[in-house]
>>> print(open('coords-v2.pdb').read())   # PDB, C-alpha atoms
ATOM      1  CA  MET I   1       0.000   0.000   0.000  1.00  0.00           C
ATOM      2  CA  GLU I   2       1.417   3.314  -1.008  1.00  0.00           C
ATOM      3  CA  TRP I   3      -0.150   6.732  -0.672  1.00  0.00           C
ATOM      4  CA  GLN I   4       1.138  10.098  -1.744  1.00  0.00           C
ATOM      5  CA  THR I   5       3.190  11.863   0.914  1.00  0.00           C
ATOM      6  CA  PRO I   6       2.709  13.777   3.052  1.00  0.00           C
ATOM      7  CA  TYR I   7       0.050  11.858   4.938  1.00  0.00           C
ATOM      8  CA  TYR I   8      -0.343  11.061   8.627  1.00  0.00           C
ATOM      9  CA  ALA I   9       0.211   8.073  10.888  1.00  0.00           C
ATOM     10  CA  VAL I  10      -1.321   7.566  14.319  1.00  0.00           C
ATOM     11  CA  ILE I  11       0.906   5.167  16.241  1.00  0.00           C
ATOM     12  CA  PHE I  12      -1.037   3.712  19.170  1.00  0.00           C
ATOM     13  CA  SER I  13       1.153   1.633  21.500  1.00  0.00           C
ATOM     14  CA  SER I  14      -0.482  -0.067  24.459  1.00  0.00           C
ATOM     15  CA  ARG I  15      -0.256  -2.718  27.100  1.00  0.00           C
ATOM     16  CA  LYS I  16      -3.511  -4.506  27.744  1.00  0.00           C
ATOM     17  CA  GLN I  17      -4.543  -5.352  31.266  1.00  0.00           C
ATOM     18  CA  ALA I  18      -3.924  -8.988  32.126  1.00  0.00           C
ATOM     19  CA  ALA I  19      -7.519  -9.658  33.169  1.00  0.00           C
ATOM     20  CA  ALA I  20      -9.743 -10.803  30.339  1.00  0.00           C
ATOM     21  CA  VAL I  21     -12.133  -8.051  29.343  1.00  0.00           C
ATOM     22  CA  GLU I  22     -15.121  -9.467  27.526  1.00  0.00           C
ATOM     23  CA  ASP I  23     -16.156  -6.425  25.549  1.00  0.00           C
ATOM     24  CA  TYR I  24     -12.683  -5.561  24.302  1.00  0.00           C
ATOM     25  CA  GLU I  25     -12.582  -7.761  21.206  1.00  0.00           C
ATOM     26  CA  ALA I  26     -16.008  -6.717  19.976  1.00  0.00           C
ATOM     27  CA  MET I  27     -15.250  -3.032  20.430  1.00  0.00           C
ATOM     28  CA  ALA I  28     -11.829  -3.351  18.827  1.00  0.00           C
ATOM     29  CA  ALA I  29     -13.393  -4.999  15.765  1.00  0.00           C
ATOM     30  CA  GLU I  30     -16.081  -2.334  15.651  1.00  0.00           C
ATOM     31  CA  MET I  31     -13.488   0.449  15.782  1.00  0.00           C
ATOM     32  CA  VAL I  32     -11.505  -1.092  12.926  1.00  0.00           C
ATOM     33  CA  ALA I  33     -14.642  -1.275  10.771  1.00  0.00           C
ATOM     34  CA  LEU I  34     -15.816   2.187  11.764  1.00  0.00           C
ATOM     35  CA  ALA I  35     -12.429   3.832  11.197  1.00  0.00           C
ATOM     36  CA  ALA I  36     -12.354   2.398   7.688  1.00  0.00           C
ATOM     37  CA  GLU I  37     -15.545   4.321   6.883  1.00  0.00           C
ATOM     38  CA  GLN I  38     -14.183   7.690   7.999  1.00  0.00           C
ATOM     39  CA  GLN I  39     -13.104  10.529   5.760  1.00  0.00           C
ATOM     40  CA  GLY I  40      -9.414  10.366   4.992  1.00  0.00           C
ATOM     41  CA  TYR I  41      -8.803   6.846   6.285  1.00  0.00           C
ATOM     42  CA  LEU I  42      -6.052   5.142   4.290  1.00  0.00           C
ATOM     43  CA  GLY I  43      -5.334   1.910   6.132  1.00  0.00           C
ATOM     44  CA  HIS I  44      -4.061   0.351   9.334  1.00  0.00           C
ATOM     45  CA  GLU I  45      -1.833  -2.361  10.764  1.00  0.00           C
ATOM     46  CA  SER I  46      -2.324  -3.964  14.168  1.00  0.00           C
ATOM     47  CA  TYR I  47      -0.340  -6.439  16.273  1.00  0.00           C
ATOM     48  CA  ARG I  48      -0.342  -7.672  19.858  1.00  0.00           C
ATOM     49  CA  ASN I  49       1.968 -10.211  21.490  1.00  0.00           C
ATOM     50  CA  ALA I  50       1.300 -12.792  24.205  1.00  0.00           C
ATOM     51  CA  ASP I  51       2.521 -10.405  26.918  1.00  0.00           C
ATOM     52  CA  GLY I  52      -0.291  -7.970  26.115  1.00  0.00           C
ATOM     53  CA  ASP I  53       1.890  -5.382  24.400  1.00  0.00           C
ATOM     54  CA  GLY I  54       0.553  -4.175  21.108  1.00  0.00           C
ATOM     55  CA  ILE I  55       0.690  -1.533  18.433  1.00  0.00           C
ATOM     56  CA  THR I  56      -1.849  -0.225  15.964  1.00  0.00           C
ATOM     57  CA  VAL I  57      -0.773   2.198  13.279  1.00  0.00           C
ATOM     58  CA  SER I  58      -3.520   3.886  11.299  1.00  0.00           C
ATOM     59  CA  TYR I  59      -2.877   6.079   8.273  1.00  0.00           C
ATOM     60  CA  TRP I  60      -4.836   9.197   7.349  1.00  0.00           C
ATOM     61  CA  GLN I  61      -4.782  11.833   4.642  1.00  0.00           C
ATOM     62  CA  THR I  62      -4.820  14.895   6.903  1.00  0.00           C
ATOM     63  CA  GLU I  63      -4.602  15.948  10.547  1.00  0.00           C
ATOM     64  CA  GLU I  64      -8.190  17.172  10.266  1.00  0.00           C
ATOM     65  CA  ASP I  65      -9.263  13.600   9.455  1.00  0.00           C
ATOM     66  CA  ILE I  66      -7.477  12.384  12.587  1.00  0.00           C
ATOM     67  CA  ARG I  67      -9.164  15.013  14.743  1.00  0.00           C
ATOM     68  CA  ALA I  68     -12.586  14.114  13.379  1.00  0.00           C
ATOM     69  CA  TRP I  69     -12.026  10.423  14.101  1.00  0.00           C
ATOM     70  CA  LYS I  70     -10.690  11.192  17.580  1.00  0.00           C
ATOM     71  CA  ASN I  71     -13.924  13.061  18.317  1.00  0.00           C
ATOM     72  CA  HIS I  72     -16.319  10.528  16.768  1.00  0.00           C
ATOM     73  CA  THR I  73     -19.001   9.745  19.367  1.00  0.00           C
ATOM     74  CA  ARG I  74     -18.566   5.981  19.277  1.00  0.00           C
ATOM     75  CA  HIS I  75     -14.789   6.268  19.268  1.00  0.00           C
ATOM     76  CA  LEU I  76     -14.922   8.584  22.302  1.00  0.00           C
ATOM     77  CA  LEU I  77     -16.751   5.819  24.184  1.00  0.00           C
ATOM     78  CA  ALA I  78     -14.112   3.288  23.131  1.00  0.00           C
ATOM     79  CA  GLN I  79     -11.340   5.620  24.282  1.00  0.00           C
ATOM     80  CA  GLN I  80     -13.048   6.038  27.649  1.00  0.00           C
ATOM     81  CA  LYS I  81     -13.397   2.278  28.118  1.00  0.00           C
ATOM     82  CA  GLY I  82      -9.844   1.811  26.980  1.00  0.00           C
ATOM     83  CA  ARG I  83      -8.490   4.184  29.594  1.00  0.00           C
ATOM     84  CA  ARG I  84     -10.670   2.723  32.333  1.00  0.00           C
ATOM     85  CA  ASP I  85     -10.882  -1.003  31.611  1.00  0.00           C
ATOM     86  CA  TRP I  86      -8.582  -2.279  28.909  1.00  0.00           C
ATOM     87  CA  TYR I  87      -5.134  -0.738  29.017  1.00  0.00           C
ATOM     88  CA  GLU I  88      -2.505  -0.629  31.702  1.00  0.00           C
ATOM     89  CA  HIS I  89      -0.906   2.181  29.739  1.00  0.00           C
ATOM     90  CA  TYR I  90      -0.821   3.569  26.238  1.00  0.00           C
ATOM     91  CA  THR I  91       0.951   6.138  24.086  1.00  0.00           C
ATOM     92  CA  VAL I  92      -0.533   7.834  21.049  1.00  0.00           C
ATOM     93  CA  ARG I  93       1.828   9.485  18.582  1.00  0.00           C
ATOM     94  CA  VAL I  94       0.628  11.597  15.681  1.00  0.00           C
ATOM     95  CA  ALA I  95       3.248  11.722  12.948  1.00  0.00           C
ATOM     96  CA  ARG I  96       3.533  13.225   9.498  1.00  0.00           C
ATOM     97  CA  VAL I  97       4.828  10.686   6.976  1.00  0.00           C
ATOM     98  CA  GLU I  98       7.446  12.495   4.921  1.00  0.00           C
ATOM     99  CA  ARG I  99       8.678   9.775   2.593  1.00  0.00           C
ATOM    100  CA  THR I 100       8.310   6.075   1.918  1.00  0.00           C
ATOM    101  CA  TYR I 101      10.301   3.263   0.294  1.00  0.00           C
ATOM    102  CA  THR I 102       8.967  -0.098  -0.779  1.00  0.00           C
ATOM    103  CA  GLY I 103      10.451  -3.304  -2.083  1.00  0.00           C
ATOM    104  CA  GLY I 104       9.490  -6.824  -3.027  1.00  0.00           C
ATOM    105  CA  VAL I 105       6.252  -8.129  -4.492  1.00  0.00           C
ATOM    106  CA  PHE I 106       3.010  -7.013  -2.874  1.00  0.00           C
TER     107      PHE I 106
ATOM    108  CA  MET J   1       8.549   6.307  27.110  1.00  0.00           C
ATOM    109  CA  GLU J   2       8.137   9.917  26.180  1.00  0.00           C
ATOM    110  CA  TRP J   3      10.502  12.150  24.276  1.00  0.00           C
ATOM    111  CA  GLN J   4      10.251  15.782  23.372  1.00  0.00           C
ATOM    112  CA  THR J   5       8.523  16.425  20.054  1.00  0.00           C
ATOM    113  CA  PRO J   6       9.347  16.787  17.283  1.00  0.00           C
ATOM    114  CA  TYR J   7      11.252  13.560  16.825  1.00  0.00           C
ATOM    115  CA  TYR J   8      11.142  10.922  14.093  1.00  0.00           C
ATOM    116  CA  ALA J   9       9.662   7.473  13.637  1.00  0.00           C
ATOM    117  CA  VAL J  10      10.738   4.907  11.064  1.00  0.00           C
ATOM    118  CA  ILE J  11       7.823   2.545  10.465  1.00  0.00           C
ATOM    119  CA  PHE J  12       9.086  -0.646   8.841  1.00  0.00           C
ATOM    120  CA  SER J  13       6.259  -2.956   7.738  1.00  0.00           C
ATOM    121  CA  SER J  14       7.162  -6.276   6.177  1.00  0.00           C
ATOM    122  CA  ARG J  15       6.060  -9.737   5.251  1.00  0.00           C
ATOM    123  CA  LYS J  16       8.691 -12.389   5.820  1.00  0.00           C
ATOM    124  CA  GLN J  17       9.194 -15.142   3.305  1.00  0.00           C
ATOM    125  CA  ALA J  18       7.576 -18.400   4.363  1.00  0.00           C
ATOM    126  CA  ALA J  19      10.766 -20.424   4.046  1.00  0.00           C
ATOM    127  CA  ALA J  20      12.829 -20.515   7.213  1.00  0.00           C
ATOM    128  CA  VAL J  21      15.941 -18.393   6.857  1.00  0.00           C
ATOM    129  CA  GLU J  22      18.562 -19.402   9.324  1.00  0.00           C
ATOM    130  CA  ASP J  23      20.518 -16.201   9.589  1.00  0.00           C
ATOM    131  CA  TYR J  24      17.488 -13.926   9.974  1.00  0.00           C
ATOM    132  CA  GLU J  25      17.041 -14.141  13.733  1.00  0.00           C
ATOM    133  CA  ALA J  26      20.705 -13.553  14.515  1.00  0.00           C
ATOM    134  CA  MET J  27      20.909 -10.564  12.181  1.00  0.00           C
ATOM    135  CA  ALA J  28      17.657  -9.101  13.499  1.00  0.00           C
ATOM    136  CA  ALA J  29      18.951  -9.318  17.063  1.00  0.00           C
ATOM    137  CA  GLU J  30      22.255  -7.774  16.015  1.00  0.00           C
ATOM    138  CA  MET J  31      20.467  -4.874  14.291  1.00  0.00           C
ATOM    139  CA  VAL J  32      18.373  -4.166  17.404  1.00  0.00           C
ATOM    140  CA  ALA J  33      21.500  -4.052  19.565  1.00  0.00           C
ATOM    141  CA  LEU J  34      23.470  -2.017  17.033  1.00  0.00           C
ATOM    142  CA  ALA J  35      20.677   0.505  16.450  1.00  0.00           C
ATOM    143  CA  ALA J  36      20.489   1.132  20.193  1.00  0.00           C
ATOM    144  CA  GLU J  37      24.132   2.273  20.133  1.00  0.00           C
ATOM    145  CA  GLN J  38      23.627   4.832  17.366  1.00  0.00           C
ATOM    146  CA  GLN J  39      23.508   8.586  17.751  1.00  0.00           C
ATOM    147  CA  GLY J  40      19.964   9.810  18.249  1.00  0.00           C
ATOM    148  CA  TYR J  41      18.337   6.428  18.872  1.00  0.00           C
ATOM    149  CA  LEU J  42      15.406   6.776  21.259  1.00  0.00           C
ATOM    150  CA  GLY J  43      13.732   3.367  21.263  1.00  0.00           C
ATOM    151  CA  HIS J  44      11.841   0.815  19.219  1.00  0.00           C
ATOM    152  CA  GLU J  45       8.878  -1.567  19.210  1.00  0.00           C
ATOM    153  CA  SER J  46       8.668  -4.733  17.130  1.00  0.00           C
ATOM    154  CA  TYR J  47       5.952  -7.312  16.426  1.00  0.00           C
ATOM    155  CA  ARG J  48       5.374 -10.144  13.972  1.00  0.00           C
ATOM    156  CA  ASN J  49       2.373 -12.449  13.702  1.00  0.00           C
ATOM    157  CA  ALA J  50       2.126 -16.125  12.732  1.00  0.00           C
ATOM    158  CA  ASP J  51       1.370 -15.224   9.104  1.00  0.00           C
ATOM    159  CA  GLY J  52       4.773 -13.563   8.779  1.00  0.00           C
ATOM    160  CA  ASP J  53       3.494  -9.983   8.764  1.00  0.00           C
ATOM    161  CA  GLY J  54       5.348  -7.659  11.073  1.00  0.00           C
ATOM    162  CA  ILE J  55       6.114  -4.113  12.007  1.00  0.00           C
ATOM    163  CA  THR J  56       9.077  -2.447  13.642  1.00  0.00           C
ATOM    164  CA  VAL J  57       8.874   1.187  14.638  1.00  0.00           C
ATOM    165  CA  SER J  58      12.117   2.849  15.690  1.00  0.00           C
ATOM    166  CA  TYR J  59      12.301   6.347  17.131  1.00  0.00           C
ATOM    167  CA  TRP J  60      15.082   8.848  16.465  1.00  0.00           C
ATOM    168  CA  GLN J  61      15.918  12.394  17.444  1.00  0.00           C
ATOM    169  CA  THR J  62      16.606  13.744  13.952  1.00  0.00           C
ATOM    170  CA  GLU J  63      16.393  12.808  10.267  1.00  0.00           C
ATOM    171  CA  GLU J  64      20.169  13.022  10.151  1.00  0.00           C
ATOM    172  CA  ASP J  65      20.334  10.225  12.747  1.00  0.00           C
ATOM    173  CA  ILE J  66      18.057   8.107  10.539  1.00  0.00           C
ATOM    174  CA  ARG J  67      20.224   8.724   7.488  1.00  0.00           C
ATOM    175  CA  ALA J  68      23.376   7.784   9.373  1.00  0.00           C
ATOM    176  CA  TRP J  69      21.812   4.539  10.574  1.00  0.00           C
ATOM    177  CA  LYS J  70      20.476   3.755   7.112  1.00  0.00           C
ATOM    178  CA  ASN J  71      24.017   4.049   5.755  1.00  0.00           C
ATOM    179  CA  HIS J  72      25.767   2.135   8.544  1.00  0.00           C
ATOM    180  CA  THR J  73      27.939  -0.535   6.894  1.00  0.00           C
ATOM    181  CA  ARG J  74      26.563  -3.453   8.854  1.00  0.00           C
ATOM    182  CA  HIS J  75      23.003  -2.226   8.446  1.00  0.00           C
ATOM    183  CA  LEU J  76      23.497  -1.903   4.677  1.00  0.00           C
ATOM    184  CA  LEU J  77      24.401  -5.606   4.600  1.00  0.00           C
ATOM    185  CA  ALA J  78      21.278  -6.453   6.605  1.00  0.00           C
ATOM    186  CA  GLN J  79      19.134  -4.392   4.230  1.00  0.00           C
ATOM    187  CA  GLN J  80      20.630  -6.207   1.254  1.00  0.00           C
ATOM    188  CA  LYS J  81      19.960  -9.616   2.772  1.00  0.00           C
ATOM    189  CA  GLY J  82      16.480  -8.494   3.741  1.00  0.00           C
ATOM    190  CA  ARG J  83      15.632  -7.516   0.182  1.00  0.00           C
ATOM    191  CA  ARG J  84      17.134 -10.668  -1.259  1.00  0.00           C
ATOM    192  CA  ASP J  85      16.419 -13.435   1.262  1.00  0.00           C
ATOM    193  CA  TRP J  86      14.058 -12.488   4.060  1.00  0.00           C
ATOM    194  CA  TYR J  87      11.130 -10.373   2.947  1.00  0.00           C
ATOM    195  CA  GLU J  88       8.441 -10.950   0.375  1.00  0.00           C
ATOM    196  CA  HIS J  89       7.788  -7.235   0.520  1.00  0.00           C
ATOM    197  CA  TYR J  90       8.320  -4.285   2.823  1.00  0.00           C
ATOM    198  CA  THR J  91       7.463  -0.624   3.233  1.00  0.00           C
ATOM    199  CA  VAL J  92       9.563   1.918   5.093  1.00  0.00           C
ATOM    200  CA  ARG J  93       7.903   5.149   6.205  1.00  0.00           C
ATOM    201  CA  VAL J  94       9.837   8.037   7.707  1.00  0.00           C
ATOM    202  CA  ALA J  95       7.538  10.208   9.791  1.00  0.00           C
ATOM    203  CA  ARG J  96       7.924  13.281  11.969  1.00  0.00           C
ATOM    204  CA  VAL J  97       6.197  12.813  15.329  1.00  0.00           C
ATOM    205  CA  GLU J  98       4.313  16.038  15.978  1.00  0.00           C
ATOM    206  CA  ARG J  99       2.565  15.313  19.268  1.00  0.00           C
ATOM    207  CA  THR J 100       2.003  12.535  21.754  1.00  0.00           C
ATOM    208  CA  TYR J 101      -0.518  11.571  24.436  1.00  0.00           C
ATOM    209  CA  THR J 102      -0.050   9.000  27.162  1.00  0.00           C
ATOM    210  CA  GLY J 103      -2.225   7.434  29.827  1.00  0.00           C
ATOM    211  CA  GLY J 104      -2.166   4.783  32.509  1.00  0.00           C
ATOM    212  CA  VAL J 105       0.724   3.593  34.639  1.00  0.00           C
ATOM    213  CA  PHE J 106       4.022   2.813  32.908  1.00  0.00           C
TER     214      PHE J 106
END
>>> encode(input="coords-v2.pdb", output="structure tokens")
Amino acid sequence: MEWQTPYYAVIFSSRKQAAAVEDYEAMAAEMVALAAEQQGYLGHESYRNADGDGITVSYWQTEEDIRAWKNHTRHLLAQQKGRRDWYEHYTVRVARVERTYTGGVF
Amino acid sequence: MEWQTPYYAVIFSSRKQAAAVEDYEAMAAEMVALAAEQQGYLGHESYRNADGDGITVSYWQTEEDIRAWKNHTRHLLAQQKGRRDWYEHYTVRVARVERTYTGGVF
């Protein structure tokens, strides 16, 4: 996947709480689907290891798109639950992608 | 981990070749250790799933630091082997981290 620079990346790094949280998976899936419908959404990648550490990077056309998604009503609820119930800690980084290189066969 | 913005992120997304490659793990570990010794290195996060898709995000103080690491002799060899032997495809994105938010207990 390649998009014209500059565009934006939101790097969300987190550690999930050890206790199983039943509504996490459903909400996470909903957020992925909902984000994909938003203005300016380009794509995302998401990983989590067995220790509970994970990263999700989403890509957006503009900072305005990121702000709108951050303030989406349903996403605000997910953020609130995330802070309260799901994550031990998290870091969100908003970054402007300046240049890209690719190789291999996609 | 929090560093003063602006700083830079190198987002390296890749799919590993399915065939086992014996020297990959050793070289990957060496690159992690070597990167940590370089000027301007701040930190990194790395994940790969069972399908062979992975992401490594490294954080650097300046673009100059990224260029120097990209051109490090040993790292150039690793990049060459990566293109030839290890990855089906990869994307490198160089991004300027504009702002960060954190929550929870680190």
>>> atom_distance(input="coords-v2.pdb", atom1="CA of Gly103 in chain J", atom2="CA of His89 in chain I")
5.4 Å
>>> closest_residue(input="coords-v2.pdb", among="I:Thr62, I:Thr91, I:Gln38, I:Ser46", to="Arg15 in chain I", atoms="only C-alpha atoms")
I:Thr91
>>> calpha_fit_and_write(input="coords-v2.pdb", fixed="chain J", moving="chain I", output="PDB file with C-alpha atoms, in the frame of the given file")
ATOM      1  CA  MET I   1       8.550   6.318  27.098  1.00  0.00           C
ATOM      2  CA  GLU I   2       8.133   9.921  26.178  1.00  0.00           C
ATOM      3  CA  TRP I   3      10.515  12.141  24.267  1.00  0.00           C
ATOM      4  CA  GLN I   4      10.241  15.786  23.384  1.00  0.00           C
ATOM      5  CA  THR I   5       8.534  16.425  20.057  1.00  0.00           C
ATOM      6  CA  PRO I   6       9.341  16.783  17.285  1.00  0.00           C
ATOM      7  CA  TYR I   7      11.254  13.551  16.834  1.00  0.00           C
ATOM      8  CA  TYR I   8      11.148  10.921  14.100  1.00  0.00           C
ATOM      9  CA  ALA I   9       9.661   7.468  13.637  1.00  0.00           C
ATOM     10  CA  VAL I  10      10.746   4.907  11.061  1.00  0.00           C
ATOM     11  CA  ILE I  11       7.830   2.551  10.468  1.00  0.00           C
ATOM     12  CA  PHE I  12       9.098  -0.642   8.833  1.00  0.00           C
ATOM     13  CA  SER I  13       6.271  -2.953   7.730  1.00  0.00           C
ATOM     14  CA  SER I  14       7.177  -6.280   6.173  1.00  0.00           C
ATOM     15  CA  ARG I  15       6.065  -9.736   5.236  1.00  0.00           C
ATOM     16  CA  LYS I  16       8.678 -12.387   5.827  1.00  0.00           C
ATOM     17  CA  GLN I  17       9.186 -15.141   3.308  1.00  0.00           C
ATOM     18  CA  ALA I  18       7.570 -18.397   4.372  1.00  0.00           C
ATOM     19  CA  ALA I  19      10.774 -20.424   4.078  1.00  0.00           C
ATOM     20  CA  ALA I  20      12.823 -20.513   7.250  1.00  0.00           C
ATOM     21  CA  VAL I  21      15.920 -18.380   6.881  1.00  0.00           C
ATOM     22  CA  GLU I  22      18.557 -19.406   9.376  1.00  0.00           C
ATOM     23  CA  ASP I  23      20.500 -16.180   9.603  1.00  0.00           C
ATOM     24  CA  TYR I  24      17.479 -13.923   9.983  1.00  0.00           C
ATOM     25  CA  GLU I  25      17.033 -14.130  13.750  1.00  0.00           C
ATOM     26  CA  ALA I  26      20.695 -13.552  14.524  1.00  0.00           C
ATOM     27  CA  MET I  27      20.901 -10.560  12.208  1.00  0.00           C
ATOM     28  CA  ALA I  28      17.646  -9.106  13.498  1.00  0.00           C
ATOM     29  CA  ALA I  29      18.945  -9.316  17.077  1.00  0.00           C
ATOM     30  CA  GLU I  30      22.240  -7.781  16.016  1.00  0.00           C
ATOM     31  CA  MET I  31      20.468  -4.881  14.302  1.00  0.00           C
ATOM     32  CA  VAL I  32      18.368  -4.172  17.392  1.00  0.00           C
ATOM     33  CA  ALA I  33      21.497  -4.055  19.563  1.00  0.00           C
ATOM     34  CA  LEU I  34      23.463  -2.029  17.037  1.00  0.00           C
ATOM     35  CA  ALA I  35      20.680   0.501  16.443  1.00  0.00           C
ATOM     36  CA  ALA I  36      20.492   1.126  20.178  1.00  0.00           C
ATOM     37  CA  GLU I  37      24.127   2.270  20.123  1.00  0.00           C
ATOM     38  CA  GLN I  38      23.620   4.826  17.356  1.00  0.00           C
ATOM     39  CA  GLN I  39      23.496   8.576  17.757  1.00  0.00           C
ATOM     40  CA  GLY I  40      19.961   9.805  18.232  1.00  0.00           C
ATOM     41  CA  TYR I  41      18.351   6.422  18.865  1.00  0.00           C
ATOM     42  CA  LEU I  42      15.405   6.763  21.243  1.00  0.00           C
ATOM     43  CA  GLY I  43      13.727   3.366  21.252  1.00  0.00           C
ATOM     44  CA  HIS I  44      11.854   0.797  19.203  1.00  0.00           C
ATOM     45  CA  GLU I  45       8.891  -1.566  19.191  1.00  0.00           C
ATOM     46  CA  SER I  46       8.688  -4.738  17.119  1.00  0.00           C
ATOM     47  CA  TYR I  47       5.972  -7.314  16.425  1.00  0.00           C
ATOM     48  CA  ARG I  48       5.383 -10.146  13.974  1.00  0.00           C
ATOM     49  CA  ASN I  49       2.372 -12.448  13.695  1.00  0.00           C
ATOM     50  CA  ALA I  50       2.133 -16.119  12.724  1.00  0.00           C
ATOM     51  CA  ASP I  51       1.385 -15.217   9.094  1.00  0.00           C
ATOM     52  CA  GLY I  52       4.790 -13.553   8.751  1.00  0.00           C
ATOM     53  CA  ASP I  53       3.501  -9.985   8.750  1.00  0.00           C
ATOM     54  CA  GLY I  54       5.349  -7.676  11.060  1.00  0.00           C
ATOM     55  CA  ILE I  55       6.112  -4.115  12.005  1.00  0.00           C
ATOM     56  CA  THR I  56       9.082  -2.458  13.644  1.00  0.00           C
ATOM     57  CA  VAL I  57       8.884   1.176  14.640  1.00  0.00           C
ATOM     58  CA  SER I  58      12.118   2.842  15.681  1.00  0.00           C
ATOM     59  CA  TYR I  59      12.301   6.346  17.118  1.00  0.00           C
ATOM     60  CA  TRP I  60      15.074   8.856  16.470  1.00  0.00           C
ATOM     61  CA  GLN I  61      15.917  12.407  17.451  1.00  0.00           C
ATOM     62  CA  THR I  62      16.591  13.761  13.958  1.00  0.00           C
ATOM     63  CA  GLU I  63      16.388  12.832  10.279  1.00  0.00           C
ATOM     64  CA  GLU I  64      20.182  13.033  10.159  1.00  0.00           C
ATOM     65  CA  ASP I  65      20.335  10.232  12.747  1.00  0.00           C
ATOM     66  CA  ILE I  66      18.064   8.115  10.547  1.00  0.00           C
ATOM     67  CA  ARG I  67      20.218   8.733   7.483  1.00  0.00           C
ATOM     68  CA  ALA I  68      23.374   7.786   9.359  1.00  0.00           C
ATOM     69  CA  TRP I  69      21.811   4.539  10.573  1.00  0.00           C
ATOM     70  CA  LYS I  70      20.469   3.756   7.100  1.00  0.00           C
ATOM     71  CA  ASN I  71      24.017   4.063   5.752  1.00  0.00           C
ATOM     72  CA  HIS I  72      25.770   2.140   8.542  1.00  0.00           C
ATOM     73  CA  THR I  73      27.950  -0.529   6.904  1.00  0.00           C
ATOM     74  CA  ARG I  74      26.548  -3.456   8.861  1.00  0.00           C
ATOM     75  CA  HIS I  75      22.991  -2.220   8.449  1.00  0.00           C
ATOM     76  CA  LEU I  76      23.503  -1.896   4.678  1.00  0.00           C
ATOM     77  CA  LEU I  77      24.395  -5.601   4.600  1.00  0.00           C
ATOM     78  CA  ALA I  78      21.269  -6.447   6.597  1.00  0.00           C
ATOM     79  CA  GLN I  79      19.130  -4.388   4.224  1.00  0.00           C
ATOM     80  CA  GLN I  80      20.633  -6.204   1.245  1.00  0.00           C
ATOM     81  CA  LYS I  81      19.944  -9.618   2.778  1.00  0.00           C
ATOM     82  CA  GLY I  82      16.488  -8.487   3.734  1.00  0.00           C
ATOM     83  CA  ARG I  83      15.616  -7.511   0.187  1.00  0.00           C
ATOM     84  CA  ARG I  84      17.125 -10.674  -1.264  1.00  0.00           C
ATOM     85  CA  ASP I  85      16.402 -13.420   1.263  1.00  0.00           C
ATOM     86  CA  TRP I  86      14.055 -12.489   4.064  1.00  0.00           C
ATOM     87  CA  TYR I  87      11.136 -10.371   2.938  1.00  0.00           C
ATOM     88  CA  GLU I  88       8.436 -10.951   0.388  1.00  0.00           C
ATOM     89  CA  HIS I  89       7.783  -7.228   0.529  1.00  0.00           C
ATOM     90  CA  TYR I  90       8.327  -4.290   2.823  1.00  0.00           C
ATOM     91  CA  THR I  91       7.458  -0.623   3.237  1.00  0.00           C
ATOM     92  CA  VAL I  92       9.558   1.918   5.090  1.00  0.00           C
ATOM     93  CA  ARG I  93       7.905   5.147   6.198  1.00  0.00           C
ATOM     94  CA  VAL I  94       9.830   8.036   7.703  1.00  0.00           C
ATOM     95  CA  ALA I  95       7.546  10.216   9.795  1.00  0.00           C
ATOM     96  CA  ARG I  96       7.924  13.276  11.972  1.00  0.00           C
ATOM     97  CA  VAL I  97       6.198  12.815  15.333  1.00  0.00           C
ATOM     98  CA  GLU I  98       4.309  16.032  15.988  1.00  0.00           C
ATOM     99  CA  ARG I  99       2.581  15.307  19.278  1.00  0.00           C
ATOM    100  CA  THR I 100       2.012  12.518  21.764  1.00  0.00           C
ATOM    101  CA  TYR I 101      -0.522  11.560  24.441  1.00  0.00           C
ATOM    102  CA  THR I 102      -0.044   8.997  27.166  1.00  0.00           C
ATOM    103  CA  GLY I 103      -2.218   7.420  29.806  1.00  0.00           C
ATOM    104  CA  GLY I 104      -2.149   4.758  32.474  1.00  0.00           C
ATOM    105  CA  VAL I 105       0.731   3.578  34.629  1.00  0.00           C
ATOM    106  CA  PHE I 106       4.023   2.818  32.909  1.00  0.00           C
TER     107      PHE I 106
END
>>> interface_residues(input="coords-v2.pdb", of="chain I", to="chain J", cutoff="6 Å", atoms="all atoms listed in the file", output="PyMOL selection string")
chain I and resi 88-106
>>> resolve_selection(input="coords-v2.pdb", expression="the PyMOL selection byres ((chain J and resi 65-74) around 9)", output="list in words")
Tyr8, Ala9, Val10, Met31, Leu34, Ala35, Gln38, Gln39, Gly40, Tyr41, Tyr59, Trp60, Gln61, Thr62, Glu63, Glu64, His75, Leu76, Leu77, Ala78, Gln79 and Val94 of chain J
>>> atom_distance(input="coords-v2.pdb", atom1="CA of Gly52 in chain I", atom2="CA of Lys16 in chain I")
5.0 Å
>>> atom_distance(input="coords-v2.pdb", atom1="CA of Val32 in chain J", atom2="CA of Gln17 in chain J")
20.1 Å
>>> axis_aligned_box(input="coords-v2.pdb", around="range 83-95 of chain I", padding_each_side="6 Å", output="lines of an AutoDock Vina configuration file")
center_x = -3.8
center_y = 4.7
center_z = 22.6
size_x = 26.1
size_y = 26.0
size_z = 31.4
>>> resolve_selection(input="coords-v2.pdb", expression="the PyMOL selection byres ((chain J and resi 19-24) around 9)", output="ChimeraX atom specification")
/J:16-18,25-29,81-82,85-86
>>> resolve_selection(input="coords-v2.pdb", expression="the PyMOL selection byres ((chain I and resi 43) around 6)", output="list of chain:residue names")
I:Leu42, I:His44, I:Ser58, I:Tyr59
